[in-house]
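> Data: entry08.tsv, TSV, C-alpha atoms and all ligand atoms.
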```tsv
chain	number	residue	atom	x	y	z
A	1	MET	CA	-18.78	28.04	22.45
A	2	SER	CA	-17.01	24.91	23.71
A	3	THR	CA	-13.50	24.63	22.40
A	4	ALA	CA	-14.15	20.90	21.87
A	5	PHE	CA	-16.40	21.87	19.01
A	6	ALA	CA	-14.41	24.77	17.65
A	7	PRO	CA	-14.48	24.39	13.90
A	8	GLU	CA	-10.67	24.47	13.60
A	9	ILE	CA	-10.76	26.44	10.39
A	10	PRO	CA	-7.32	27.57	9.29
A	11	ASP	CA	-7.46	31.28	8.46
A	12	ASP	CA	-6.10	30.99	4.99
A	13	ARG	CA	-7.70	27.78	3.71
A	14	PRO	CA	-11.31	26.84	3.02
A	15	VAL	CA	-12.64	24.32	5.54
A	16	GLU	CA	-13.15	20.73	4.35
A	17	ILE	CA	-16.85	20.70	5.13
A	18	LEU	CA	-17.35	16.92	4.68
A	19	GLY	CA	-15.36	16.44	7.86
A	20	LEU	CA	-17.51	18.59	10.14
A	21	GLY	CA	-19.89	16.71	12.38
A	22	ARG	CA	-23.13	18.36	13.38
A	23	ALA	CA	-21.76	20.24	16.41
A	24	ARG	CA	-18.76	21.54	14.50
A	25	LEU	CA	-20.90	22.48	11.53
A	26	GLU	CA	-23.25	24.42	13.80
A	27	ALA	CA	-20.24	26.18	15.31
A	28	PHE	CA	-18.98	26.90	11.82
A	29	PHE	CA	-22.26	28.53	10.82
A	30	ALA	CA	-22.32	30.49	14.07
A	31	SER	CA	-18.87	31.81	13.16
A	32	LEU	CA	-20.43	33.04	9.88
A	33	GLY	CA	-23.26	34.71	11.80
A	34	GLU	CA	-25.76	32.07	10.63
A	35	LYS	CA	-28.35	30.07	12.57
A	36	PRO	CA	-27.46	26.50	13.66
A	37	PHE	CA	-30.17	24.89	11.50
A	38	ARG	CA	-28.04	25.68	8.44
A	39	ALA	CA	-25.88	22.76	9.56
A	40	VAL	CA	-28.74	20.30	9.05
A	41	GLN	CA	-29.59	21.77	5.66
A	42	VAL	CA	-26.03	21.53	4.43
A	43	MET	CA	-25.51	18.03	5.87
A	44	LYS	CA	-28.51	16.82	3.91
A	45	TRP	CA	-27.20	18.33	0.68
A	46	LEU	CA	-23.77	16.84	1.16
A	47	HIS	CA	-24.32	13.44	2.67
A	48	GLN	CA	-27.83	12.53	1.57
A	49	ARG	CA	-28.06	14.11	-1.86
A	50	GLY	CA	-24.37	13.97	-2.80
A	51	VAL	CA	-24.35	17.64	-3.82
A	52	THR	CA	-20.98	19.33	-3.35
A	53	ASP	CA	-21.58	22.49	-5.36
A	54	PHE	CA	-22.79	25.13	-2.91
A	55	SER	CA	-24.53	27.07	-5.68
A	56	GLN	CA	-26.98	24.14	-6.02
A	57	MET	CA	-28.03	24.25	-2.36
A	58	THR	CA	-31.23	26.05	-3.16
A	59	ASP	CA	-32.66	26.36	0.34
A	60	LEU	CA	-29.75	28.59	1.35
A	61	SER	CA	-29.73	32.29	0.57
A	62	ARG	CA	-27.67	33.36	-2.41
A	63	ALA	CA	-25.39	35.35	-0.12
A	64	LEU	CA	-24.71	32.30	2.05
A	65	ARG	CA	-24.05	30.11	-0.98
A	66	GLU	CA	-21.52	32.63	-2.23
A	67	LYS	CA	-19.94	32.89	1.18
A	68	LEU	CA	-19.66	29.10	1.46
A	69	ALA	CA	-17.93	28.90	-1.91
A	70	GLN	CA	-15.24	31.16	-0.46
A	71	VAL	CA	-14.76	29.63	2.97
A	72	ALA	CA	-15.60	25.95	2.51
A	73	CYS	CA	-14.78	23.19	0.07
A	74	VAL	CA	-15.20	19.50	-0.63
A	75	THR	CA	-12.10	17.63	-1.77
A	76	LEU	CA	-12.63	14.09	-2.98
A	77	PRO	CA	-9.63	11.80	-3.43
A	78	ASP	CA	-8.67	10.60	-6.90
A	79	VAL	CA	-9.26	6.95	-7.73
A	80	VAL	CA	-5.90	5.71	-8.97
A	81	VAL	CA	-6.61	1.96	-9.07
A	82	ASP	CA	-9.97	0.29	-9.54
A	83	GLN	CA	-10.14	-3.49	-9.29
A	84	ALA	CA	-13.31	-5.52	-9.69
A	85	SER	CA	-13.43	-9.09	-8.43
A	86	ARG	CA	-15.48	-11.83	-10.04
A	87	ASP	CA	-17.45	-12.06	-6.79
A	88	GLY	CA	-18.53	-8.41	-6.98
A	89	THR	CA	-15.98	-7.10	-4.47
A	90	ARG	CA	-14.48	-3.85	-5.64
A	91	LYS	CA	-11.27	-2.34	-4.44
A	92	TRP	CA	-10.26	1.25	-4.99
A	93	VAL	CA	-6.92	2.84	-4.27
A	94	LEU	CA	-7.38	6.51	-3.50
A	95	ARG	CA	-4.77	9.22	-3.82
A	96	LEU	CA	-5.06	11.73	-1.02
A	97	GLU	CA	-3.83	15.28	-0.92
A	98	GLY	CA	-0.05	15.27	-0.62
A	99	GLY	CA	0.26	12.13	-2.75
A	100	ASN	CA	-0.47	9.44	-0.12
A	101	SER	CA	-2.54	6.45	-1.12
A	102	VAL	CA	-5.05	4.40	0.85
A	103	GLU	CA	-7.45	1.61	-0.02
A	104	MET	CA	-11.16	1.05	0.42
A	105	VAL	CA	-13.05	-2.14	-0.38
A	106	TYR	CA	-16.70	-2.55	-1.32
A	107	ILE	CA	-18.21	-5.92	-0.41
A	108	PRO	CA	-21.75	-6.52	-1.69
A	109	GLU	CA	-23.91	-9.22	-0.17
A	110	ASP	CA	-27.59	-10.06	-0.62
A	111	ASP	CA	-28.81	-8.08	2.36
A	112	ARG	CA	-26.10	-5.46	2.80
A	113	ALA	CA	-23.35	-3.53	1.07
A	114	THR	CA	-20.30	-3.09	3.26
A	115	LEU	CA	-17.54	-0.56	2.81
A	116	CYS	CA	-14.21	-1.24	4.46
A	117	VAL	CA	-12.55	2.12	5.08
A	118	SER	CA	-9.02	3.20	5.96
A	119	SER	CA	-8.22	5.49	8.88
A	120	GLN	CA	-4.47	6.00	8.55
A	121	VAL	CA	-1.93	6.03	5.76
A	122	GLY	CA	0.01	2.92	6.77
A	123	CYS	CA	0.10	1.64	10.33
A	124	SER	CA	2.68	1.79	13.10
A	125	LEU	CA	1.68	-1.41	14.85
A	126	ALA	CA	3.55	-3.89	12.70
A	127	CYS	CA	1.35	-6.97	13.01
A	128	THR	CA	3.48	-9.55	11.30
A	129	PHE	CA	0.81	-11.01	8.99
A	130	CYS	CA	-0.48	-7.61	7.78
A	131	SER	CA	0.61	-5.97	4.58
A	132	THR	CA	-0.22	-2.49	5.89
A	133	GLY	CA	1.80	-3.20	9.01
A	134	ARG	CA	4.80	-4.01	6.84
A	135	GLN	CA	4.64	-0.59	5.26
A	136	GLY	CA	5.10	1.47	8.39
A	137	PHE	CA	3.15	4.56	9.38
A	138	ASN	CA	2.87	7.62	7.23
A	139	ARG	CA	0.13	9.85	8.65
A	140	ASN	CA	-3.33	10.03	10.13
A	141	MET	CA	-6.25	10.65	7.82
A	142	SER	CA	-8.49	13.64	8.54
A	143	THR	CA	-12.19	13.24	9.31
A	144	ALA	CA	-12.97	14.66	5.89
A	145	GLU	CA	-10.71	12.10	4.21
A	146	ILE	CA	-12.33	9.25	6.14
A	147	VAL	CA	-15.86	10.41	5.35
A	148	SER	CA	-14.92	11.10	1.72
A	149	GLN	CA	-14.43	7.34	1.27
A	150	LEU	CA	-18.11	6.73	2.01
A	151	PHE	CA	-19.11	9.69	-0.12
A	152	LEU	CA	-17.04	8.49	-3.06
A	153	ALA	CA	-17.98	4.83	-2.70
A	154	ASN	CA	-21.68	5.65	-2.81
A	155	ARG	CA	-21.10	7.72	-5.92
A	156	LEU	CA	-19.02	4.99	-7.59
A	157	VAL	CA	-21.44	2.22	-6.68
A	158	GLU	CA	-24.40	4.26	-7.91
A	159	ARG	CA	-22.69	5.15	-11.19
A	160	GLU	CA	-20.65	2.07	-11.97
A	161	VAL	CA	-21.96	-0.91	-10.06
A	162	VAL	CA	-25.70	-0.98	-9.26
A	163	PRO	CA	-27.78	2.18	-9.69
A	164	GLY	CA	-29.74	2.89	-6.53
A	165	ARG	CA	-27.58	0.68	-4.31
A	166	LYS	CA	-26.23	2.38	-1.20
A	167	ILE	CA	-23.56	1.45	1.31
A	168	THR	CA	-25.36	0.02	4.34
A	169	ASN	CA	-22.47	-0.98	6.62
A	170	ILE	CA	-19.10	0.51	7.47
A	171	VAL	CA	-16.18	-1.40	8.90
A	172	PHE	CA	-12.99	0.39	9.94
A	173	MET	CA	-10.92	-2.56	8.75
A	174	GLY	CA	-8.92	-0.93	6.01
A	175	MET	CA	-5.48	0.54	6.44
A	176	GLY	CA	-4.47	1.78	9.87
A	177	GLU	CA	-5.38	1.46	13.52
A	178	PRO	CA	-8.56	3.53	14.00
A	179	LEU	CA	-8.05	4.03	17.72
A	180	LEU	CA	-4.67	5.66	17.12
A	181	ASN	CA	-6.50	8.30	15.07
A	182	PHE	CA	-9.13	8.63	17.73
A	183	ASP	CA	-10.73	12.05	17.28
A	184	ALA	CA	-10.91	11.93	13.50
A	185	VAL	CA	-12.37	8.40	13.53
A	186	CYS	CA	-14.96	9.23	16.21
A	187	GLU	CA	-16.10	12.33	14.37
A	188	ALA	CA	-16.31	10.38	11.10
A	189	ALA	CA	-18.38	7.67	12.83
A	190	GLU	CA	-20.66	10.37	14.25
A	191	ILE	CA	-21.22	11.79	10.77
A	192	MET	CA	-21.94	8.29	9.42
A	193	MET	CA	-24.54	7.74	12.17
A	194	GLU	CA	-26.04	11.25	12.17
A	195	ASP	CA	-29.67	11.14	11.05
A	196	ASN	CA	-29.26	14.22	8.88
A	197	ALA	CA	-26.19	12.75	7.19
A	198	TRP	CA	-25.83	9.01	6.47
A	199	GLY	CA	-28.11	7.79	9.26
A	200	LEU	CA	-26.40	4.42	9.74
A	201	SER	CA	-27.28	2.66	12.98
A	202	LYS	CA	-24.63	1.68	15.53
A	203	ARG	CA	-25.10	-1.95	14.49
A	204	ARG	CA	-23.83	-0.96	11.08
A	205	VAL	CA	-20.69	0.95	11.99
A	206	THR	CA	-17.91	-1.23	13.35
A	207	VAL	CA	-14.53	-0.06	14.53
A	208	SER	CA	-11.86	-2.74	14.51
A	209	THR	CA	-8.89	-2.45	16.86
A	210	SER	CA	-5.76	-4.41	17.55
A	211	GLY	CA	-6.34	-3.60	21.22
A	212	ILE	CA	-5.42	-0.06	22.26
A	213	VAL	CA	-6.85	-0.51	25.73
A	214	PRO	CA	-7.11	3.10	26.99
A	215	ALA	CA	-8.66	4.19	23.69
A	216	MET	CA	-11.26	1.40	23.94
A	217	ASP	CA	-12.40	2.94	27.22
A	218	ARG	CA	-12.42	6.42	25.71
A	219	LEU	CA	-14.47	5.12	22.79
A	220	LEU	CA	-17.05	3.88	25.24
A	221	GLU	CA	-17.47	7.43	26.50
A	222	ARG	CA	-17.37	9.11	23.13
A	223	VAL	CA	-19.38	7.38	20.41
A	224	ASP	CA	-21.83	4.49	20.18
A	225	VAL	CA	-20.30	2.09	17.63
A	226	SER	CA	-19.84	-1.66	17.45
A	227	LEU	CA	-16.41	-3.00	18.23
A	228	ALA	CA	-14.33	-5.77	16.69
A	229	VAL	CA	-11.10	-6.79	18.37
A	230	SER	CA	-8.26	-8.36	16.41
A	231	LEU	CA	-7.28	-11.16	18.74
A	232	HIS	CA	-5.42	-13.63	16.49
A	233	ALA	CA	-3.81	-15.51	19.37
A	234	PRO	CA	-5.07	-17.02	22.63
A	235	THR	CA	-1.87	-16.59	24.66
A	236	ASP	CA	0.40	-13.64	25.38
A	237	SER	CA	3.49	-15.38	24.06
A	238	LEU	CA	1.97	-15.93	20.62
A	239	ARG	CA	0.13	-12.60	20.55
A	240	ASP	CA	3.31	-10.73	21.49
A	241	GLU	CA	4.76	-12.11	18.28
A	242	LEU	CA	1.81	-11.62	15.91
A	243	VAL	CA	0.35	-8.39	17.29
A	244	PRO	CA	3.29	-6.54	18.92
A	245	ILE	CA	1.05	-3.98	20.67
A	246	ASN	CA	0.19	-6.92	22.95
A	247	ARG	CA	3.52	-6.32	24.70
A	248	LYS	CA	2.10	-3.01	25.88
A	249	TYR	CA	-1.50	-4.12	26.45
A	250	PRO	CA	-1.41	-7.85	27.26
A	251	LEU	CA	-4.40	-10.16	27.06
A	252	ALA	CA	-5.55	-9.73	30.67
A	253	GLU	CA	-5.87	-5.95	30.16
A	254	LEU	CA	-7.35	-6.35	26.70
A	255	MET	CA	-10.01	-8.84	27.79
A	256	ALA	CA	-10.95	-6.64	30.77
A	257	ALA	CA	-11.43	-3.71	28.36
A	258	CYS	CA	-13.53	-5.96	26.10
A	259	ASP	CA	-15.70	-6.88	29.08
A	260	ARG	CA	-16.26	-3.18	29.77
A	261	TYR	CA	-17.16	-2.52	26.12
A	262	ALA	CA	-19.29	-5.62	25.39
A	263	PRO	CA	-22.59	-4.34	26.87
A	264	ARG	CA	-22.38	-1.49	24.34
A	265	CYS	CA	-22.32	-3.85	21.34
A	266	PRO	CA	-25.70	-4.61	19.77
A	267	THR	CA	-25.77	-8.27	20.83
A	268	GLY	CA	-23.82	-7.67	24.03
A	269	ALA	CA	-20.89	-9.44	22.41
A	270	ILE	CA	-17.60	-8.22	21.02
A	271	THR	CA	-16.60	-9.66	17.67
A	272	TYR	CA	-13.16	-11.22	17.94
A	273	GLU	CA	-11.22	-11.49	14.71
A	274	TYR	CA	-8.85	-14.41	14.37
A	275	VAL	CA	-6.74	-14.69	11.25
A	276	MET	CA	-6.04	-18.33	10.43
A	277	LEU	CA	-2.31	-18.88	9.92
A	278	LYS	CA	-1.25	-22.38	9.02
A	279	ASP	CA	0.50	-24.15	11.93
A	280	VAL	CA	0.96	-20.82	13.74
A	281	ASN	CA	-2.34	-20.31	15.58
A	282	ASP	CA	-4.71	-22.85	14.05
A	283	THR	CA	-4.24	-26.13	15.94
A	284	GLN	CA	-6.67	-27.81	18.29
A	285	ALA	CA	-4.45	-26.74	21.19
A	286	HIS	CA	-4.88	-23.12	20.06
A	287	ALA	CA	-8.64	-23.65	19.83
A	288	ASP	CA	-8.68	-25.02	23.37
A	289	ALA	CA	-6.64	-22.07	24.65
A	290	LEU	CA	-9.05	-19.71	22.91
A	291	ILE	CA	-12.00	-21.48	24.52
A	292	ARG	CA	-10.38	-20.97	27.93
A	293	LEU	CA	-9.74	-17.30	27.17
A	294	LEU	CA	-13.33	-16.65	26.11
A	295	HIS	CA	-14.91	-18.80	28.83
A	296	GLY	CA	-17.76	-16.95	30.55
A	297	ARG	CA	-17.77	-14.15	27.98
A	298	GLU	CA	-20.36	-13.26	25.36
A	299	ALA	CA	-18.29	-13.49	22.22
A	300	LYS	CA	-18.58	-13.83	18.50
A	301	VAL	CA	-15.50	-15.17	16.74
A	302	ASN	CA	-14.75	-14.47	13.10
A	303	LEU	CA	-12.20	-16.84	11.63
A	304	ILE	CA	-10.48	-14.98	8.80
A	305	PRO	CA	-8.60	-17.03	6.23
A	306	PHE	CA	-5.17	-15.40	5.94
A	307	ASN	CA	-4.93	-13.29	2.79
A	308	PRO	CA	-1.45	-14.02	1.50
A	309	PHE	CA	0.89	-11.39	0.10
A	310	PRO	CA	4.44	-11.68	-1.25
A	311	MET	CA	7.15	-12.36	1.35
A	312	SER	CA	4.60	-12.61	4.14
A	313	GLY	CA	6.24	-15.72	5.54
A	314	TYR	CA	2.80	-17.16	6.37
A	315	GLU	CA	0.41	-19.57	4.73
A	316	ARG	CA	-3.34	-19.73	4.97
A	317	SER	CA	-4.79	-22.57	7.05
A	318	SER	CA	-6.57	-25.20	4.99
A	319	PHE	CA	-10.35	-24.98	4.90
A	320	ALA	CA	-10.48	-28.34	6.66
A	321	ARG	CA	-8.34	-26.94	9.48
A	322	ILE	CA	-10.53	-23.84	9.73
A	323	ALA	CA	-13.66	-26.01	9.85
A	324	LYS	CA	-12.18	-28.17	12.64
A	325	PHE	CA	-11.18	-25.11	14.63
A	326	GLN	CA	-14.68	-23.71	14.22
A	327	GLN	CA	-16.32	-26.97	15.28
A	328	ARG	CA	-14.27	-27.08	18.46
A	329	LEU	CA	-15.29	-23.55	19.40
A	330	VAL	CA	-18.93	-24.13	18.51
A	331	ALA	CA	-18.95	-27.31	20.61
A	332	ALA	CA	-17.81	-25.14	23.53
A	333	GLY	CA	-20.78	-22.85	22.95
A	334	ILE	CA	-18.90	-20.02	21.19
A	335	ASN	CA	-20.60	-18.41	18.23
A	336	THR	CA	-17.93	-18.87	15.54
A	337	ILE	CA	-18.17	-17.99	11.88
A	338	PRO	CA	-15.49	-18.50	9.25
A	339	ARG	CA	-15.39	-15.37	7.13
A	340	ARG	CA	-15.91	-15.96	3.45
A	341	THR	CA	-12.90	-15.03	1.41
A	342	ARG	CA	-13.84	-12.15	-0.83
A	343	GLY	CA	-11.99	-10.49	-3.67
A	344	GLU	CA	-9.31	-13.17	-3.82
A	345	ASP	CA	-8.52	-12.40	-7.44
A	346	ILE	CA	-7.84	-8.73	-6.65
A	347	ASP	CA	-5.40	-8.89	-3.74
A	348	ALA	CA	-8.04	-7.69	-1.29
A	349	ALA	CA	-5.75	-8.00	1.74
A	350	CYS	CA	-5.78	-4.41	2.80
A	351	GLY	CA	-2.56	-2.56	2.25
A	352	GLN	CA	-1.46	-4.89	-0.48
A	353	LEU	CA	-1.91	-2.56	-3.40
A	354	VAL	CA	-0.50	0.56	-1.90
A	355	GLY	CA	3.08	-0.30	-2.74
A	356	ASP	CA	6.01	-1.20	-0.64
A	357	VAL	CA	6.92	1.66	1.59
A	358	ASP	CA	9.86	0.03	3.26
A	359	ASP	CA	9.72	2.07	6.36
A	360	ARG	CA	10.61	-0.38	9.05
A	361	ALA	CA	12.96	1.97	10.86
A	362	ARG	CA	10.27	4.61	11.28
A	363	ARG	CA	7.75	2.00	12.32
A	364	ASP	CA	10.08	0.61	14.99
A	365	GLU	CA	10.72	4.13	16.27
A	366	LYS	CA	6.97	4.65	16.59
A	367	LEU	CA	6.56	1.37	18.45
A	368	ARG	CA	9.32	2.36	20.86
A	369	LYS	CA	7.48	5.62	21.52
A	370	LEU	CA	4.39	3.55	22.36
A	371	GLY	CA	6.53	1.69	24.88
A	372	VAL	CA	6.72	-1.54	22.88
A	373	VAL	CA	10.08	-3.29	23.01
A	374	VAL	CA	11.09	-4.00	19.42
A	375	ALA	CA	13.55	-6.84	19.20
A	376	PRO	CA	15.58	-6.93	15.98
A	377	GLY	CA	13.55	-8.82	13.42
A	378	ALA	CA	10.77	-9.60	15.89
A	379	ALA	CA	8.15	-7.67	13.98
A	380	SER	CA	8.69	-9.53	10.77
A	381	THR	CA	8.87	-13.08	9.59
A	382	CYS	CA	10.31	-12.14	6.19
A	401	LIG	N1	-5.92	-1.96	12.73
A	401	LIG	C1	-7.19	-2.51	12.93
A	401	LIG	C2	-8.10	-2.42	11.72
A	401	LIG	C3	-7.46	-2.67	10.38
A	401	LIG	S1	-6.91	-4.32	10.10
A	401	LIG	C4	-7.09	-3.93	13.44
A	401	LIG	O1	-6.00	-4.50	13.42
A	401	LIG	O2	-8.11	-4.45	13.88
A	401	LIG	C5	-8.48	-5.14	9.87
A	401	LIG	C6	-8.44	-6.66	10.07
A	401	LIG	O3	-7.73	-7.29	8.99
A	401	LIG	C7	-7.72	-7.06	11.34
A	401	LIG	O4	-8.43	-8.06	12.03
A	401	LIG	C8	-6.43	-7.57	10.80
A	401	LIG	O5	-5.80	-8.39	11.71
A	401	LIG	C9	-6.86	-8.27	9.54
A	401	LIG	N2	-5.77	-8.56	8.61
A	401	LIG	C10	-4.65	-7.86	8.42
A	401	LIG	N3	-3.86	-8.46	7.49
A	401	LIG	C11	-4.53	-9.55	7.08
A	401	LIG	C12	-4.24	-10.58	6.13
A	401	LIG	N4	-3.14	-10.58	5.42
A	401	LIG	N5	-5.16	-11.56	5.98
A	401	LIG	C13	-6.30	-11.57	6.70
A	401	LIG	N6	-6.63	-10.62	7.59
A	401	LIG	C14	-5.75	-9.64	7.80
A	402	LIG	FE1	-2.11	-2.12	11.87
A	402	LIG	FE2	-4.36	-3.57	12.01
A	402	LIG	FE3	-2.42	-4.18	10.24
A	402	LIG	FE4	-2.02	-4.59	12.83
A	402	LIG	S1	-3.55	-5.61	11.54
A	402	LIG	S2	-0.58	-3.65	11.40
A	402	LIG	S3	-3.08	-2.86	13.72
A	402	LIG	S4	-3.67	-2.33	10.26
```
Now that the file is in, can you turn its structure into structure tokens?


Amino acid sequence: MSTAFAPEIPDDRPVEILGLGRARLEAFFASLGEKPFRAVQVMKWLHQRGVTDFSQMTDLSRALREKLAQVACVTLPDVVVDQASRDGTRKWVLRLEGGNSVEMVYIPEDDRATLCVSSQVGCSLACTFCSTGRQGFNRNMSTAEIVSQLFLANRLVEREVVPGRKITNIVFMGMGEPLLNFDAVCEAAEIMMEDNAWGLSKRRVTVSTSGIVPAMDRLLERVDVSLAVSLHAPTDSLRDELVPINRKYPLAELMAACDRYAPRCPTGAITYEYVMLKDVNDTQAHADALIRLLHGREAKVNLIPFNPFPMSGYERSSFARIAKFQQRLVAAGINTIPRRTRGEDIDAACGQLVGDVDDRARRDEKLRKLGVVVAPGAASTC
């Protein structure tokens, strides 16, 4: 058996079975002396039928059901905050094992139901306009914890929102930098796209990154998902300030990595996210610089109105300014869409509800380890 797929089951604890992709689940059943097809059976029970009680998995032998109850388990996080927006957006704060909290957001639209999932508790990358970034990094989430968000959201939507409605799209745009929790995120994406589990197509699973260049290349090799890149600035000087990881992976390296990844994306284009910050990155000069940066590239640009939070130090660009910025890009032939603001009445800026973990020192330490020079105060405009 390849060690890459070893089930990593601690001797003394039941395995969190929601977090095992098909290969690991097959290895797990092999370790129990069972045939690999058990993996498909159990995946269907868990991910397609929402059954977590092994005794109800009637196509397994009684002995196997009893064995599973001893060696495997399904832990779902507790919902500790549930906020419903007037526009149908729903935000849940989940308490994980060990007491950490993360957020997930459900965004219904006519033709899709998107779930924005978290991948880390906090984030080490300290983007200055991001509430999660202000909180510092706490820990990586496990594959089971990432997948449990989808599991739980489907259950909550089915029970409390619209019976029969299912999550159709996943975006890794909640708390954390997915590519700094690489293995767990890839395995979670594989489970989401596995036909015998959630069966979502690669068009419908999007990983968003602030630009961890080597991990973007590894992602290309590992799992077939769509990619969104959080650009937010058209020049290194401004991006160094807003997205400090740019000091380690500057725009030339980032754009080269995007060019390598783009053919993998469904339309051959990377989605570039650009948060609109009043007078910081939203002028016509910034639009022109962005046009130059994206020249000759297949690109889709999402203009995201800044979601304000207390002490952020930033203001949202006016809608007129966003429209002008968009028009300039569109006139240059760049597919540009202003993102609708959703869940405004429920503080839907990710990371906003999870409390103020004032952990700047730890965050700066982490950035230093990543090779980013952290100037005093540079990571914050507060
Ligand atoms: N770490 C990843 C994914 C999580 S952040 C990344 O940075 O891409 C998901 C998106 O939300 C990113 O584009 C991020 O820049 C954006 N974002 C963060 N804080 C925001 C805020 N206050 N208002 C609007 N968008 C924000
Ligand atoms: Fe981390 Fe993304 Fe927030 Fe930056 S925007 S601090 S990478 S979660």

> Pick out the closest residue to Glu241 of chain A from this set: A:Asn281, A:Ser226, A:Ser148, A:Thr143. Count all atoms listed in the file.

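Closest to Glu241 of chain A, using all atoms listed in the file: A:Asn281.
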
> Let me make sure I understand: among A:Asn196, A:Asn138, A:Ser119, A:Ser317, which one has the smallest atom-to-atom distance to Leu179 of chain A if we use only C-alpha atoms?

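Using only C-alpha atoms, the shortest distance to Leu179 of chain A belongs to A:Ser119.
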
> Please write out the residues within 7 Å of ligand LIG 402 (chain A) as a PyMOL selection string, counting all atoms listed in the file.

chain A and resi 123-127+130-133+174-177+209-210+243

> Select, from A:Gly268, A:Gly99, A:Gly313, A:Gly211, the residue with the minimum atom-to-atom distance to Arg139 of chain A, counting all atoms listed in the file.

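Residue with the minimum atom-to-atom distance to Arg139 of chain A: A:Gly99.
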
> Rounded to one decimal, what separation in Å do you get between atom CA of Glu273 of chain A and atom CA of Val147 of chain A?

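Atom CA of Val147 of chain A lies 24.3 Å from atom CA of Glu273 of chain A.
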
> Considering only C-alpha atoms and all ligand atoms, can you say which of A:Lys202, A:Arg49, A:Lys278, A:Arg321 comes closest to ligand LIG 401 (chain A)?

A:Lys278

> How far is it from atom CA of Asn169 of chain A to atom CA of Val205 of chain A, in Å with one decimal?

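Here the two named atoms are 6.0 Å from each other.
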
> To one decimal place in Å, what is the distance between atom CA of Ala188 of chain A and atom CA of Val51 of chain A?

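Straight-line distance from atom CA of Ala188 of chain A to atom CA of Val51 of chain A works out to 18.4 Å.
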
> Let me make sure I understand: among A:Met173, A:Ala256, A:Val71, A:Leu200, which one has the smallest atom-to-atom distance to ligand LIG 401 (chain A) if we use all atoms listed in the file?

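The shortest atom-to-atom distance to ligand LIG 401 (chain A) comes from A:Met173.
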
> Using all atoms listed in the file, what residues lie at most 12 Å away from (-13.8, -28.3, 14.0) (file coordinates), given as a PyMOL selection string?

chain A and resi 282-288+303+318-332+336-338

> Excluding Val157 of chain A and any residue of its chain fewer than 5 positions from it, enumerate the residues within 10 Å of it, using all atoms listed in the file, and give them as a ChimeraX atom specification.

/A:90,106,113,152,162-167

> Residues at most 12 Å from Ala215 of chain A, counting only C-alpha atoms, excluding those fewer than 5 positions away in the same chain, as a PyMOL selection string?

chain A and resi 177-183+185-186+207-210+220-223+227+249+254+257-258+261

> Pick out the closest residue to ligand LIG 401 (chain A) from this set: A:Gln48, A:Ser201, A:Gln135, A:Thr168. Count only C-alpha atoms and all ligand atoms.

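The closest residue to ligand LIG 401 (chain A) is A:Gln135.
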
> First collect every listed atom of segment 248-266 of chain A; then fit an axis-aligned box around them, widen it by 4 Å on each side, and give centre and edge lengths in Å to one decimal, as lines of an AutoDock Vina configuration file.


```
center_x = -11.8
center_y = -5.8
center_z = 25.3
size_x = 35.8
size_y = 16.7
size_z = 19.0
```

> Env of Glu34 of chain A: 12 Å cut, atoms = all atoms listed in the file, seq-sep filter 5 positions within chain, self excluded. Answer as an MDAnalysis selection string.

chainID A and resid 25:29 39 60:61 63:65 67:68

> Restricting the output to C-alpha atoms, write the selected residues as a PDB file, in the coordinates of the input.


```pdb
ATOM      1  CA  LEU A  25     -20.900  22.480  11.530  1.00  0.00           C
ATOM      2  CA  GLU A  26     -23.250  24.420  13.800  1.00  0.00           C
ATOM      3  CA  ALA A  27     -20.240  26.180  15.310  1.00  0.00           C
ATOM      4  CA  PHE A  28     -18.980  26.900  11.820  1.00  0.00           C
ATOM      5  CA  PHE A  29     -22.260  28.530  10.820  1.00  0.00           C
ATOM      6  CA  ALA A  39     -25.880  22.760   9.560  1.00  0.00           C
ATOM      7  CA  LEU A  60     -29.750  28.590   1.350  1.00  0.00           C
ATOM      8  CA  SER A  61     -29.730  32.290   0.570  1.00  0.00           C
ATOM      9  CA  ALA A  63     -25.390  35.350  -0.120  1.00  0.00           C
ATOM     10  CA  LEU A  64     -24.710  32.300   2.050  1.00  0.00           C
ATOM     11  CA  ARG A  65     -24.050  30.110  -0.980  1.00  0.00           C
ATOM     12  CA  LYS A  67     -19.940  32.890   1.180  1.00  0.00           C
ATOM     13  CA  LEU A  68     -19.660  29.100   1.460  1.00  0.00           C
TER      14      LEU A  68
END
```

> What does segment 242-258 of chain A look like written to a file with C-alpha atoms, as a PDB file, in the first residue's frame?


```pdb
ATOM      1  CA  LEU A 242      -2.361  45.093   1.030  1.00  0.00           C
ATOM      2  CA  VAL A 243      -1.360  41.440   0.597  1.00  0.00           C
ATOM      3  CA  PRO A 244       1.977  41.052   2.436  1.00  0.00           C
ATOM      4  CA  ILE A 245       2.686  37.596   0.962  1.00  0.00           C
ATOM      5  CA  ASN A 246       3.405  39.570  -2.230  1.00  0.00           C
ATOM      6  CA  ARG A 247       6.795  40.449  -0.726  1.00  0.00           C
ATOM      7  CA  LYS A 248       7.665  36.772  -0.976  1.00  0.00           C
ATOM      8  CA  TYR A 249       5.875  36.005  -4.258  1.00  0.00           C
ATOM      9  CA  PRO A 250       5.772  39.247  -6.267  1.00  0.00           C
ATOM     10  CA  LEU A 251       3.445  39.883  -9.179  1.00  0.00           C
ATOM     11  CA  ALA A 252       5.795  38.644 -11.917  1.00  0.00           C
ATOM     12  CA  GLU A 253       6.025  35.226 -10.220  1.00  0.00           C
ATOM     13  CA  LEU A 254       2.337  35.191  -9.364  1.00  0.00           C
ATOM     14  CA  MET A 255       1.200  36.022 -12.893  1.00  0.00           C
ATOM     15  CA  ALA A 256       3.537  33.388 -14.350  1.00  0.00           C
ATOM     16  CA  ALA A 257       1.970  30.806 -12.010  1.00  0.00           C
ATOM     17  CA  CYS A 258      -1.494  31.999 -13.073  1.00  0.00           C
TER      18      CYS A 258
END
```
